[in-house]
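**Q** Pasting in a structure now, in structure tokens, and then I'll have a few things to ask.
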Amino acid sequence: MSKKVVEVKTLKVGKYVILGGEASKITSISTSSPGKHGSAKARVEAVGIFDNQKRSIVKPVDTKIDIPIIDKRTGQVLALMGSDVQLMDLETYETFETPIPDELRDQLIEGVEVEYIMAMGNKKLMRTKG
């Protein structure tokens, strides 16, 4: 599981964070400073990359939080198999299967190059190239 640790105050909208054991993309961050001796708190709302679940946490801004290391790669479609697609990584030549996202279902044909991401042992098809 590739991840690193940062402080909550360094997070930005559009970046990634691990919430509930899942890699998630941050949709909003709001901070509040409660009073004279209280520490500032941040509310982070995010959507899971692989499961599209909404998650949120409230933590002091100086606490540590895990962020996933996202690996963006290029692959080639080898075969379409119902709701899954078989891809070959163009750097390592490994082959694997991954589900086809609904928005890419009509764009995929055998031989086309695609971009996909890897995070925490999961893979997801992002877009077609070209």
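In the structure tokens, each chain is lettered A, B, ... as it comes, each chain's residues begin at 1, and ligands are numbered from 1 in order of appearance.
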I'd like the contact shell of Arg73 in chain A - 12 Å cut-off, only C-alpha atoms, skipping same-chain residues fewer than 2 positions apart - returned as an MDAnalysis selection string.
**A** chainID A and resid 70:71 75:76 87:93 113:119 123:129
**Q** Enumerate, as a PyMOL selection string, the complete set of residues in range 10-43 of chain A that a backbone-based DSSP assignment places in strand (DSSP E or B).
**A** chain A and resi 16-19+22-32+41-43
**Q** Based on the selection just made, write N, CA and C atoms of those residues as a short mmCIF file (atom, residue, chain, number, x, y, z; two decimals), in the first residue's frame.
**A**
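Wrote it out as again.cif, contents follow:
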```
data_model
loop_
_atom_site.label_atom_id
_atom_site.label_comp_id
_atom_site.auth_asym_id
_atom_site.auth_seq_id
_atom_site.Cartn_x
_atom_site.Cartn_y
_atom_site.Cartn_z
N TYR A 16 -5.77 14.04 -3.61
CA TYR A 16 -6.27 12.76 -3.10
C TYR A 16 -5.93 12.58 -1.63
N VAL A 17 -6.77 11.81 -0.92
CA VAL A 17 -6.60 11.53 0.50
C VAL A 17 -7.17 10.14 0.78
N ILE A 18 -6.68 9.48 1.83
CA ILE A 18 -7.22 8.17 2.21
C ILE A 18 -8.22 8.38 3.33
N LEU A 19 -9.49 8.10 3.05
CA LEU A 19 -10.55 8.19 4.05
C LEU A 19 -11.24 6.83 4.14
N GLU A 22 -10.02 3.96 1.85
CA GLU A 22 -10.17 4.09 0.40
C GLU A 22 -9.52 5.37 -0.11
N ALA A 23 -8.89 5.29 -1.28
CA ALA A 23 -8.35 6.49 -1.91
C ALA A 23 -9.52 7.33 -2.40
N SER A 24 -9.52 8.62 -2.05
CA SER A 24 -10.64 9.51 -2.38
C SER A 24 -10.12 10.83 -2.93
N LYS A 25 -10.90 11.45 -3.82
CA LYS A 25 -10.56 12.75 -4.38
C LYS A 25 -11.28 13.83 -3.59
N ILE A 26 -10.56 14.85 -3.14
CA ILE A 26 -11.13 15.89 -2.29
C ILE A 26 -12.03 16.80 -3.12
N THR A 27 -13.29 16.99 -2.63
CA THR A 27 -14.24 17.86 -3.32
C THR A 27 -14.37 19.20 -2.64
N SER A 28 -14.19 19.26 -1.31
CA SER A 28 -14.24 20.55 -0.62
C SER A 28 -13.50 20.47 0.71
N ILE A 29 -12.95 21.62 1.10
CA ILE A 29 -12.28 21.75 2.39
C ILE A 29 -12.76 23.06 3.01
N SER A 30 -13.21 23.00 4.27
CA SER A 30 -13.56 24.23 4.97
C SER A 30 -12.88 24.20 6.34
N THR A 31 -12.40 25.36 6.77
CA THR A 31 -11.73 25.44 8.06
C THR A 31 -12.50 26.38 8.97
N SER A 32 -12.37 26.13 10.28
CA SER A 32 -13.00 27.00 11.26
C SER A 32 -12.07 27.11 12.46
N LYS A 41 -10.01 23.75 13.02
CA LYS A 41 -10.40 22.44 12.53
C LYS A 41 -10.71 22.54 11.03
N ALA A 42 -10.48 21.44 10.33
CA ALA A 42 -10.78 21.39 8.90
C ALA A 42 -11.78 20.28 8.65
N ARG A 43 -12.78 20.57 7.83
CA ARG A 43 -13.73 19.55 7.38
C ARG A 43 -13.37 19.23 5.94
#
```
**Q** Expressed in Å to a single decimal, how great is the separation between CA of Lys9 in chain A and CA of Ala40 in chain A?
**A**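 Spanning CA of Lys9 in chain A to CA of Ala40 in chain A is a straight-line distance of 9.7 Å.
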**Q** With distances taken over only C-alpha atoms, which of A:Leu80, A:Val13, A:Val44, A:Leu108 is nearest to Lys59 in chain A?
**A**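 Looking at the shortest contact to Lys59 in chain A, the residue is A:Val44.
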**Q** Between A:Asp51, A:Glu94, A:Glu103, A:Glu7, which residue has the minimum interatomic distance to Ile67 in chain A, considering only C-alpha atoms?
**A**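 Of A:Asp51, A:Glu94, A:Glu103, A:Glu7, the one nearest Ile67 in chain A is A:Glu7, counting only C-alpha atoms.
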**Q** So, counting only C-alpha atoms, which residue among A:Gly38, A:Val8, A:Ile100, A:Thr74 is closest to Val58 in chain A?
**A**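 Using only C-alpha atoms, Val58 in chain A sits closest to A:Val8.
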**Q** Which residue out of A:Gly121, A:Pro101, A:Gly111, A:Gly21 has the minimum interatomic distance to Arg55 in chain A when only C-alpha atoms are used?
**A** A:Gly21
**Q** Applying 8 Å and only C-alpha atoms, which residues near Glu97 in chain A remain after dropping the ones on its own chain fewer than 2 positions away? List them as a list of chain:residue names.
**A**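 Surrounding residues, per the criterion: A:Asp84, A:Val85, A:Gln86, A:Leu87, A:Thr95, A:Pro99.
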**Q** By how many Å are CA of Lys4 in chain A and CA of Asp66 in chain A apart?
**A** 5.6 Å
**Q** Quote the spacing between CA of Pro68 in chain A and CA of Lys15 in chain A in Å to one decimal place.
**A**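 We find that CA of Pro68 in chain A and CA of Lys15 in chain A lie 9.8 Å from each other.
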**Q** Could you check the closest approach to Thr10 in chain A for each of A:Lys64, A:Arg105, A:Lys36, A:Lys72 and tell me which residue wins, using only C-alpha atoms?
**A** A:Lys64
